[in-house]
file structure31.cif (mmCIF, C-alpha atoms)
data_data
loop_
_atom_site.group_PDB
_atom_site.id
_atom_site.type_symbol
_atom_site.label_atom_id
_atom_site.label_comp_id
_atom_site.auth_asym_id
_atom_site.auth_seq_id
_atom_site.Cartn_x
_atom_site.Cartn_y
_atom_site.Cartn_z
ATOM 1 C CA MET A 1 81.379 90.951 145.110
ATOM 2 C CA LYS A 2 84.091 93.148 146.554
ATOM 3 C CA ALA A 3 86.668 91.564 144.264
ATOM 4 C CA GLY A 4 84.511 92.306 141.218
ATOM 5 C CA LEU A 5 84.040 95.919 142.321
ATOM 6 C CA LEU A 6 87.784 96.332 142.895
ATOM 7 C CA GLN A 7 88.479 94.881 139.448
ATOM 8 C CA ARG A 8 86.066 97.341 137.789
ATOM 9 C CA VAL A 9 87.594 100.276 139.673
ATOM 10 C CA MET A 10 91.122 99.268 138.656
ATOM 11 C CA PHE A 11 90.006 98.871 135.060
ATOM 12 C CA ALA A 12 88.366 102.316 135.077
ATOM 13 C CA VAL A 13 91.512 103.885 136.577
ATOM 14 C CA TYR A 14 93.646 102.175 133.941
ATOM 15 C CA ILE A 15 91.411 103.433 131.118
ATOM 16 C CA ALA A 16 91.507 106.967 132.547
ATOM 17 C CA ILE A 17 95.306 106.940 132.820
ATOM 18 C CA PHE A 18 95.593 105.544 129.295
ATOM 19 C CA PHE A 19 93.434 108.275 127.742
ATOM 20 C CA VAL A 20 95.149 111.014 129.747
ATOM 21 C CA TYR A 21 98.516 109.720 128.550
ATOM 22 C CA LEU A 22 97.253 109.479 124.981
ATOM 23 C CA LEU A 23 95.233 112.681 124.686
ATOM 24 C CA GLY A 24 96.862 114.842 127.342
ATOM 25 C CA PRO A 25 99.557 116.362 125.073
ATOM 26 C CA LEU A 26 96.928 117.118 122.421
ATOM 27 C CA GLY A 27 94.782 118.851 125.005
ATOM 28 C CA VAL A 28 97.724 120.912 126.245
ATOM 29 C CA MET A 29 98.629 122.037 122.731
ATOM 30 C CA GLY A 30 94.989 122.684 121.894
ATOM 31 C CA VAL A 31 94.540 125.015 124.863
ATOM 32 C CA SER A 32 97.895 126.780 124.447
ATOM 33 C CA ALA A 33 97.101 127.529 120.786
ATOM 34 C CA PHE A 34 94.306 129.862 121.922
ATOM 35 C CA ASN A 35 96.025 131.313 124.991
ATOM 36 C CA THR A 36 97.656 134.762 124.758
ATOM 37 C CA PRO A 37 101.080 134.197 126.436
ATOM 38 C CA GLU A 38 104.051 133.899 124.079
ATOM 39 C CA TYR A 39 105.115 130.604 125.630
ATOM 40 C CA PRO A 40 102.817 127.537 125.386
ATOM 41 C CA GLN A 41 100.748 127.813 128.554
ATOM 42 C CA VAL A 42 97.608 126.004 129.644
ATOM 43 C CA TRP A 43 96.914 127.666 132.959
ATOM 44 C CA PRO A 44 96.184 130.364 133.823
ATOM 45 C CA ILE A 45 94.293 131.368 130.701
ATOM 46 C CA GLU A 46 95.192 135.020 130.305
ATOM 47 C CA GLY A 47 93.015 135.516 127.259
ATOM 48 C CA VAL A 48 91.611 133.850 124.172
ATOM 49 C CA THR A 49 93.161 134.744 120.823
ATOM 50 C CA LEU A 50 93.523 133.516 117.246
ATOM 51 C CA ASP A 51 96.709 135.489 116.626
ATOM 52 C CA TRP A 52 98.917 132.398 116.751
ATOM 53 C CA PHE A 53 97.144 130.948 113.714
ATOM 54 C CA GLY A 54 97.816 134.186 111.837
ATOM 55 C CA LYS A 55 101.473 134.157 112.858
ATOM 56 C CA LEU A 56 101.709 130.552 111.748
ATOM 57 C CA LEU A 57 100.374 131.414 108.288
ATOM 58 C CA ALA A 58 102.764 134.365 108.087
ATOM 59 C CA ASP A 59 105.781 132.191 108.900
ATOM 60 C CA GLN A 60 107.408 131.689 105.483
ATOM 61 C CA ASP A 61 109.781 128.914 106.573
ATOM 62 C CA MET A 62 106.950 126.950 108.168
ATOM 63 C CA MET A 63 104.672 127.332 105.148
ATOM 64 C CA TYR A 64 107.483 126.440 102.749
ATOM 65 C CA GLY A 65 108.275 123.329 104.782
ATOM 66 C CA LEU A 66 104.595 122.383 104.860
ATOM 67 C CA VAL A 67 104.213 122.696 101.089
ATOM 68 C CA THR A 68 107.417 120.715 100.531
ATOM 69 C CA SER A 69 106.221 117.968 102.884
ATOM 70 C CA LEU A 70 102.896 117.771 101.039
ATOM 71 C CA TRP A 71 104.628 117.443 97.669
ATOM 72 C CA ILE A 72 107.023 114.818 98.981
ATOM 73 C CA GLY A 73 104.134 112.887 100.533
ATOM 74 C CA LEU A 74 102.203 112.830 97.251
ATOM 75 C CA LEU A 75 105.286 111.740 95.295
ATOM 76 C CA VAL A 76 105.996 108.996 97.839
ATOM 77 C CA VAL A 77 102.425 107.729 97.427
ATOM 78 C CA ALA A 78 102.842 107.721 93.631
ATOM 79 C CA LEU A 79 106.035 105.664 93.941
ATOM 80 C CA ALA A 80 105.599 103.500 97.037
ATOM 81 C CA VAL A 81 102.081 102.191 96.362
ATOM 82 C CA PRO A 82 102.847 100.766 92.869
ATOM 83 C CA VAL A 83 106.105 99.285 94.161
ATOM 84 C CA GLY A 84 104.279 97.734 97.106
ATOM 85 C CA LEU A 85 101.581 96.386 94.784
ATOM 86 C CA ALA A 86 104.196 94.809 92.526
ATOM 87 C CA GLY A 87 105.994 93.318 95.520
ATOM 88 C CA ALA A 88 102.770 91.809 96.877
ATOM 89 C CA ILE A 89 101.846 90.289 93.514
ATOM 90 C CA VAL A 90 105.319 88.790 93.112
ATOM 91 C CA MET A 91 105.072 87.363 96.620
ATOM 92 C CA THR A 92 101.977 85.376 95.649
ATOM 93 C CA GLN A 93 103.455 84.172 92.351
ATOM 94 C CA ILE A 94 106.892 82.836 93.322
ATOM 95 C CA SER A 95 107.483 79.334 94.628
ATOM 96 C CA GLN A 96 107.361 78.457 98.307
ATOM 97 C CA ARG A 97 111.094 77.669 98.425
ATOM 98 C CA VAL A 98 112.236 81.227 97.723
ATOM 99 C CA ARG A 99 109.283 83.030 99.273
ATOM 100 C CA SER A 100 110.867 83.382 102.729
ATOM 101 C CA THR A 101 114.091 84.741 101.236
ATOM 102 C CA TYR A 102 112.181 87.174 99.037
ATOM 103 C CA TYR A 103 110.118 88.326 102.021
ATOM 104 C CA LEU A 104 113.267 88.953 104.058
ATOM 105 C CA VAL A 105 114.788 91.041 101.273
ATOM 106 C CA VAL A 106 111.756 93.248 100.599
ATOM 107 C CA VAL A 107 110.997 93.807 104.292
ATOM 108 C CA SER A 108 114.592 94.520 105.321
ATOM 109 C CA PRO A 109 114.300 98.324 104.718
ATOM 110 C CA VAL A 110 111.693 98.448 107.494
ATOM 111 C CA LEU A 111 114.260 96.991 109.899
ATOM 112 C CA THR A 112 116.995 99.391 108.793
ATOM 113 C CA PRO A 113 117.421 102.605 110.837
ATOM 114 C CA GLY A 114 116.200 105.682 109.008
ATOM 115 C CA ILE A 115 119.542 107.421 109.480
ATOM 116 C CA ILE A 116 121.294 104.625 107.576
ATOM 117 C CA ILE A 117 118.750 104.802 104.759
ATOM 118 C CA GLY A 118 119.112 108.572 104.458
ATOM 119 C CA ILE A 119 122.917 108.582 104.441
ATOM 120 C CA SER A 120 123.232 105.620 102.056
ATOM 121 C CA THR A 121 120.732 107.183 99.657
ATOM 122 C CA VAL A 122 122.688 110.444 99.535
ATOM 123 C CA VAL A 123 126.047 108.702 99.073
ATOM 124 C CA PHE A 124 124.782 106.324 96.371
ATOM 125 C CA TRP A 125 122.984 108.955 94.304
ATOM 126 C CA ARG A 126 125.852 111.435 94.613
ATOM 127 C CA GLU A 127 128.271 108.928 93.103
ATOM 128 C CA LEU A 128 125.739 107.775 90.506
ATOM 129 C CA THR A 129 124.879 111.283 89.308
ATOM 130 C CA LEU A 130 128.555 112.216 89.128
ATOM 131 C CA ALA A 131 129.381 109.095 87.117
ATOM 132 C CA THR A 132 126.451 109.470 84.707
ATOM 133 C CA GLY A 133 126.475 113.246 84.371
ATOM 134 C CA THR A 134 122.899 113.551 85.684
ATOM 135 C CA ARG A 135 123.759 116.008 88.411
ATOM 136 C CA PHE A 136 120.265 117.513 88.243
ATOM 137 C CA LEU A 137 118.908 114.350 89.898
ATOM 138 C CA TYR A 138 120.991 115.102 92.989
ATOM 139 C CA ASP A 139 118.177 117.109 94.508
ATOM 140 C CA GLY A 140 116.912 117.096 98.086
ATOM 141 C CA ILE A 141 113.270 116.446 97.194
ATOM 142 C CA ILE A 142 114.116 113.631 94.760
ATOM 143 C CA LEU A 143 116.490 111.997 97.243
ATOM 144 C CA THR A 144 113.931 112.261 100.038
ATOM 145 C CA VAL A 145 111.222 110.663 97.900
ATOM 146 C CA ILE A 146 113.555 107.796 96.969
ATOM 147 C CA ALA A 147 114.806 107.316 100.530
ATOM 148 C CA GLN A 148 111.352 107.336 102.096
ATOM 149 C CA SER A 149 109.861 105.101 99.402
ATOM 150 C CA SER A 150 112.530 102.467 100.012
ATOM 151 C CA PHE A 151 110.928 101.506 103.339
ATOM 152 C CA ILE A 152 107.395 102.904 102.998
ATOM 153 C CA SER A 153 106.842 100.644 99.972
ATOM 154 C CA ALA A 154 107.416 97.680 102.290
ATOM 155 C CA TYR A 155 104.573 98.876 104.524
ATOM 156 C CA CYS A 156 102.355 99.225 101.457
ATOM 157 C CA MET A 157 103.285 95.713 100.342
ATOM 158 C CA LEU A 158 102.275 94.216 103.682
ATOM 159 C CA ILE A 159 98.884 95.965 103.591
ATOM 160 C CA ILE A 160 98.182 94.899 100.008
ATOM 161 C CA LEU A 161 99.458 91.381 100.659
ATOM 162 C CA ALA A 162 97.022 90.931 103.553
ATOM 163 C CA ARG A 163 94.154 91.733 101.172
ATOM 164 C CA LEU A 164 95.608 89.764 98.281
ATOM 165 C CA GLN A 165 95.796 86.554 100.309
ATOM 166 C CA ARG A 166 91.971 86.518 100.446
ATOM 167 C CA PHE A 167 91.642 86.825 96.677
ATOM 168 C CA ASP A 168 89.951 83.915 94.893
ATOM 169 C CA ARG A 169 92.188 82.876 92.000
ATOM 170 C CA ALA A 170 89.237 81.160 90.363
ATOM 171 C CA GLN A 171 88.018 84.583 89.234
ATOM 172 C CA GLU A 172 91.216 85.142 87.254
ATOM 173 C CA GLU A 173 91.065 81.661 85.731
ATOM 174 C CA ALA A 174 87.429 82.123 84.722
ATOM 175 C CA ALA A 175 88.189 85.478 83.071
ATOM 176 C CA LEU A 176 91.160 84.002 81.193
ATOM 177 C CA ASP A 177 89.050 81.072 80.031
ATOM 178 C CA LEU A 178 86.474 83.527 78.664
ATOM 179 C CA GLY A 179 89.132 85.221 76.557
ATOM 180 C CA ALA A 180 90.299 88.104 78.728
ATOM 181 C CA SER A 181 93.944 89.128 78.544
ATOM 182 C CA TYR A 182 96.189 89.438 81.589
ATOM 183 C CA PRO A 183 96.065 93.269 81.570
ATOM 184 C CA GLN A 184 92.258 93.106 81.412
ATOM 185 C CA VAL A 185 92.150 90.685 84.336
ATOM 186 C CA PHE A 186 94.447 92.954 86.303
ATOM 187 C CA ARG A 187 92.450 96.094 85.513
ATOM 188 C CA HIS A 188 88.893 94.769 85.815
ATOM 189 C CA ILE A 189 89.172 92.021 88.458
ATOM 190 C CA LEU A 190 92.268 92.361 90.625
ATOM 191 C CA LEU A 191 92.427 96.150 91.017
ATOM 192 C CA PRO A 192 88.752 96.539 92.083
ATOM 193 C CA PHE A 193 89.282 93.823 94.675
ATOM 194 C CA LEU A 194 92.427 95.547 95.987
ATOM 195 C CA LYS A 195 90.933 99.049 96.004
ATOM 196 C CA PRO A 196 90.392 99.219 99.811
ATOM 197 C CA ALA A 197 93.940 98.004 100.449
ATOM 198 C CA LEU A 198 95.378 100.425 97.891
ATOM 199 C CA PHE A 199 93.567 103.325 99.519
ATOM 200 C CA SER A 200 94.783 102.289 102.983
ATOM 201 C CA ALA A 201 98.325 101.906 101.677
ATOM 202 C CA ALA A 202 98.180 105.362 100.076
ATOM 203 C CA VAL A 203 97.006 106.964 103.329
ATOM 204 C CA LEU A 204 99.683 105.154 105.338
ATOM 205 C CA ALA A 205 102.366 106.126 102.812
ATOM 206 C CA PHE A 206 101.399 109.792 102.912
ATOM 207 C CA LEU A 207 101.257 109.969 106.708
ATOM 208 C CA SER A 208 104.529 108.048 107.101
ATOM 209 C CA SER A 209 106.216 110.430 104.683
ATOM 210 C CA PHE A 210 104.698 113.545 106.217
ATOM 211 C CA GLU A 211 105.904 112.803 109.744
ATOM 212 C CA ASN A 212 109.261 111.206 108.890
ATOM 213 C CA TYR A 213 112.320 112.890 110.334
ATOM 214 C CA ASN A 214 115.265 110.495 110.666
ATOM 215 C CA THR A 215 115.532 109.693 106.976
ATOM 216 C CA THR A 216 114.450 113.125 105.783
ATOM 217 C CA THR A 217 116.956 115.109 107.822
ATOM 218 C CA PHE A 218 119.849 113.486 105.917
ATOM 219 C CA SER A 219 118.342 113.126 102.443
ATOM 220 C CA ILE A 220 116.740 116.574 102.146
ATOM 221 C CA LEU A 221 120.182 118.249 101.806
ATOM 222 C CA SER A 222 119.802 122.041 101.909
ATOM 223 C CA ASP A 223 116.024 121.969 101.407
ATOM 224 C CA LYS A 224 113.426 122.047 104.200
ATOM 225 C CA THR A 225 110.401 120.032 105.175
ATOM 226 C CA LEU A 226 107.916 120.654 107.939
ATOM 227 C CA THR A 227 109.601 118.193 110.297
ATOM 228 C CA THR A 228 113.073 119.685 109.819
ATOM 229 C CA VAL A 229 111.738 123.220 110.328
ATOM 230 C CA LEU A 230 109.901 122.151 113.470
ATOM 231 C CA ALA A 231 113.008 120.428 114.823
ATOM 232 C CA GLY A 232 114.988 123.620 114.384
ATOM 233 C CA ARG A 233 112.289 125.722 116.033
ATOM 234 C CA VAL A 234 112.007 123.394 119.044
ATOM 235 C CA ARG A 235 115.748 123.747 119.673
ATOM 236 C CA GLN A 236 115.334 127.520 119.793
ATOM 237 C CA GLY A 237 112.234 127.370 121.997
ATOM 238 C CA THR A 238 108.630 126.616 121.151
ATOM 239 C CA THR A 239 105.855 129.156 120.647
ATOM 240 C CA PRO A 240 102.058 128.728 120.574
ATOM 241 C CA ALA A 241 102.304 128.930 116.763
ATOM 242 C CA ILE A 242 103.510 125.325 116.833
ATOM 243 C CA SER A 243 100.495 124.455 118.979
ATOM 244 C CA ALA A 244 98.307 126.134 116.361
ATOM 245 C CA LEU A 245 99.909 123.948 113.702
ATOM 246 C CA ALA A 246 99.174 120.852 115.801
ATOM 247 C CA VAL A 247 95.516 121.908 116.112
ATOM 248 C CA ILE A 248 95.244 122.322 112.333
ATOM 249 C CA ILE A 249 96.853 118.926 111.656
ATOM 250 C CA VAL A 250 94.636 117.128 114.186
ATOM 251 C CA ALA A 251 91.521 118.835 112.816
ATOM 252 C CA ALA A 252 92.466 117.904 109.238
ATOM 253 C CA THR A 253 93.081 114.307 110.324
ATOM 254 C CA LEU A 254 89.698 114.079 112.045
ATOM 255 C CA VAL A 255 87.906 115.567 109.032
ATOM 256 C CA GLY A 256 89.689 113.130 106.714
ATOM 257 C CA ALA A 257 88.797 110.176 108.939
ATOM 258 C CA LEU A 258 85.163 111.315 109.066
ATOM 259 C CA ILE A 259 84.956 111.675 105.282
ATOM 260 C CA TYR A 260 86.550 108.245 104.826
ATOM 261 C CA GLU A 261 84.057 106.656 107.233
ATOM 262 C CA ILE A 262 81.104 108.274 105.445
ATOM 263 C CA VAL A 263 82.336 107.139 102.023
ATOM 264 C CA LYS A 264 83.053 103.640 103.330
ATOM 265 C CA ARG A 265 79.592 103.277 104.852
ATOM 266 C CA ARG A 266 77.933 104.450 101.651
ATOM 267 C CA GLU A 267 79.983 101.982 99.631
ATOM 268 C CA ASP A 268 79.121 99.175 102.043
ATOM 269 C CA ALA A 269 75.443 100.112 101.757
ATOM 270 C CA ARG A 270 75.617 100.022 97.946
ATOM 271 C CA THR A 271 77.395 96.659 98.061
ATOM 272 C CA SER A 272 74.771 95.242 100.414
ATOM 273 C CA ALA A 273 71.995 96.553 98.178
ATOM 274 C CA ARG A 274 73.553 94.897 95.122
ATOM 275 C CA GLN A 275 73.933 91.629 97.012
ATOM 276 C CA ARG A 276 70.301 91.732 98.141
ATOM 277 C CA ALA A 277 69.159 92.503 94.607
ATOM 278 C CA ALA A 278 71.217 89.627 93.225
ATOM 279 C CA ALA A 279 69.873 87.248 95.874
ATOM 280 C CA ALA A 280 66.308 88.353 95.155
ATOM 281 C CA ALA A 281 66.791 87.846 91.405
ATOM 282 C CA GLU A 282 68.253 84.396 91.987
ATOM 283 C CA GLU A 283 65.346 83.490 94.254
ATOM 284 C CA GLU A 284 62.859 84.621 91.599
ATOM 285 C CA GLU A 285 64.585 82.451 89.013
ATOM 286 C CA LEU A 286 64.450 79.435 91.316
ATOM 287 C CA THR A 287 60.749 79.940 92.026
ATOM 288 C CA ALA A 288 59.964 80.497 88.342
ATOM 289 C CA GLU A 289 61.578 77.242 87.176
ATOM 290 C CA PRO A 290 59.108 74.848 88.940
ATOM 291 C CA ALA A 291 56.164 76.865 87.643
ATOM 292 C CA ALA A 292 57.455 76.645 84.055
ATOM 293 C CA SER A 293 58.332 72.929 84.138
ATOM 294 C CA PRO A 294 54.739 71.474 83.986
ATOM 295 C CA ALA A 295 54.063 73.395 80.785
#
call {"tool": "encode", "arguments": {"input": "structure31.cif", "output": "structure tokens"}}
result
Amino acid sequence: MKAGLLQRVMFAVYIAIFFVYLLGPLGVMGVSAFNTPEYPQVWPIEGVTLDWFGKLLADQDMMYGLVTSLWIGLLVVALAVPVGLAGAIVMTQISQRVRSTYYLVVVSPVLTPGIIIGISTVVFWRELTLATGTRFLYDGIILTVIAQSSFISAYCMLIILARLQRFDRAQEEAALDLGASYPQVFRHILLPFLKPALFSAAVLAFLSSFENYNTTTFSILSDKTLTTVLAGRVRQGTTPAISALAVIIVAATLVGALIYEIVKRREDARTSARQRAAAAAEEEELTAEPAASPA
């Protein structure tokens, strides 16, 4: 009895330490964003203010970096998700003998340090644009999108591949036997099945791009993103305006997660309703057949 009580106490202490470690920094930044001192301070609370949110919105460098990060994140999603989808489909189509080699090649960017990816991207595209006369492509935003997509697409591929491995190939074969073309099978059968994985891959791609620093700091050239601006500000000394930015990002993340959960539950409810309706219709057909057979 005493051993069981001790085990429960130790487990409760562990859970408390874990959540303090996980949520403690967020709590500190959340409190300091509304505190009046010019340095992030949790205690004592000298006053409650919203001025730091106003100063954050008035910070041109911070807002410019935020807008640039949003654009880069959207462009990375537009590039990395289709590349990851293509990589996952190829993975399921090639023979078993070369599958391990192919997997090693497409996943290798994930194992490569971000600094190496950023530097190699800049060097390669500088030489390529000089040789081809397309100097306009040597742009910080374009290079950052390419550099980030080179490894984020591998993450997208792994997410889509996990979903694709549960796909029943008999559906494709049945559609082809009924006269559907390969593009029609892809658009009407495969894509609807992969929709949850595609959405998850898009969210992961955007968040990975938004918070990336190692690759971005080398590939962005003279431009600025939110992470590079924040890194420069932290070196000079933090202010509660950065805490205000953290509060906004956390709040936006929670709202997005809540909206996603609501949409997912509604979709699951509609799917369950369709399945129940189909089962009820099938049951009616089965009960109607014996009644019609004596006639």
call {"tool": "atom_distance", "arguments": {"input": "structure31.cif", "atom1": "atom CA of A:Pro40", "atom2": "atom CA of A:Thr68"}}
result
26.2 Å
call {"tool": "residues_around", "arguments": {"input": "structure31.cif", "residues": "A:Phe193", "least_positions_apart": "3", "cutoff": "12 Å", "atoms": "all atoms listed in the file", "output": "PyMOL selection string"}}
result
chain A and resi 160+163-169+171-172+185-190+196-199
call {"tool": "closest_atom_pairs", "arguments": {"input": "structure31.cif", "of": "stretch 176-247 of chain A", "to": "stretch 47-63 of chain A", "cutoff": "9 Å", "atoms": "all atoms listed in the file", "output": "Markdown table"}}
result
| residue | atom | partner | partner_atom | distance |
| --- | --- | --- | --- | --- |
| A:Lys224 | CA | A:Asp61 | CA | 8.1 |
| A:Thr225 | CA | A:Met62 | CA | 8.3 |
| A:Leu226 | CA | A:Met62 | CA | 6.4 |
| A:Val229 | CA | A:Met62 | CA | 6.4 |
| A:Leu230 | CA | A:Met62 | CA | 7.7 |
| A:Thr239 | CA | A:Trp52 | CA | 8.6 |
| A:Pro240 | CA | A:Trp52 | CA | 6.2 |
| A:Ala241 | CA | A:Trp52 | CA | 4.8 |
| A:Ile242 | CA | A:Leu56 | CA | 7.5 |
| A:Ser243 | CA | A:Trp52 | CA | 8.4 |
| A:Ala244 | CA | A:Phe53 | CA | 5.6 |
| A:Leu245 | CA | A:Leu56 | CA | 7.1 |
call {"tool": "residues_around", "arguments": {"input": "structure31.cif", "residues": "A:Ile72", "least_positions_apart": "6", "cutoff": "9 Å", "atoms": "only C-alpha atoms", "output": "PyMOL selection string"}}
result
chain A and resi 141-142+144-145+206+209-210+225
call {"tool": "residues_around", "arguments": {"input": "structure31.cif", "residues": "A:Glu211", "least_positions_apart": "4", "cutoff": "12 Å", "atoms": "only C-alpha atoms", "output": "list in words"}}
result
Gly65, Leu66, Ser69, Leu70, Ile72, Gly73, Gln148, Leu204, Ala205, Phe206, Leu207, Thr215, Thr216, Thr217, Thr225, Leu226, Thr227, Thr228, Val229, Leu230, Ala231 and Ile249 of chain A
call {"tool": "closest_residue", "arguments": {"input": "structure31.cif", "among": "A:Leu254, A:Ala86, A:Ile119, A:Val9", "to": "A:Leu191", "atoms": "only C-alpha atoms"}}
result
A:Ala86
call {"tool": "closest_residue", "arguments": {"input": "structure31.cif", "among": "A:Gly237, A:Pro37, A:Pro82, A:Gly133", "to": "A:Cys156", "atoms": "all atoms listed in the file"}}
result
A:Pro82
call {"tool": "residues_around", "arguments": {"input": "structure31.cif", "residues": "A:Ser149", "least_positions_apart": "2", "cutoff": "7 Å", "atoms": "only C-alpha atoms", "output": "PyMOL selection string"}}
result
chain A and resi 76+79-80+145-147+151-153
call {"tool": "resolve_selection", "arguments": {"input": "structure31.cif", "expression": "the PyMOL selection byres ((chain A and resi 45) around 9)", "output": "ChimeraX atom specification"}}
result
/A:31-32,34-37,41-44,46-48
call {"tool": "resolve_selection", "arguments": {"input": "structure31.cif", "expression": "the PyMOL selection byres ((chain A and resi 114) around 6)", "output": "ChimeraX atom specification"}}
result
/A:113,115-117,214-215
call {"tool": "atom_distance", "arguments": {"input": "structure31.cif", "atom1": "atom CA of A:Val81", "atom2": "atom CA of A:Tyr155"}}
result
9.2 Å
call {"tool": "atom_distance", "arguments": {"input": "structure31.cif", "atom1": "atom CA of A:Val77", "atom2": "atom CA of A:Ala202"}}
result
5.5 Å
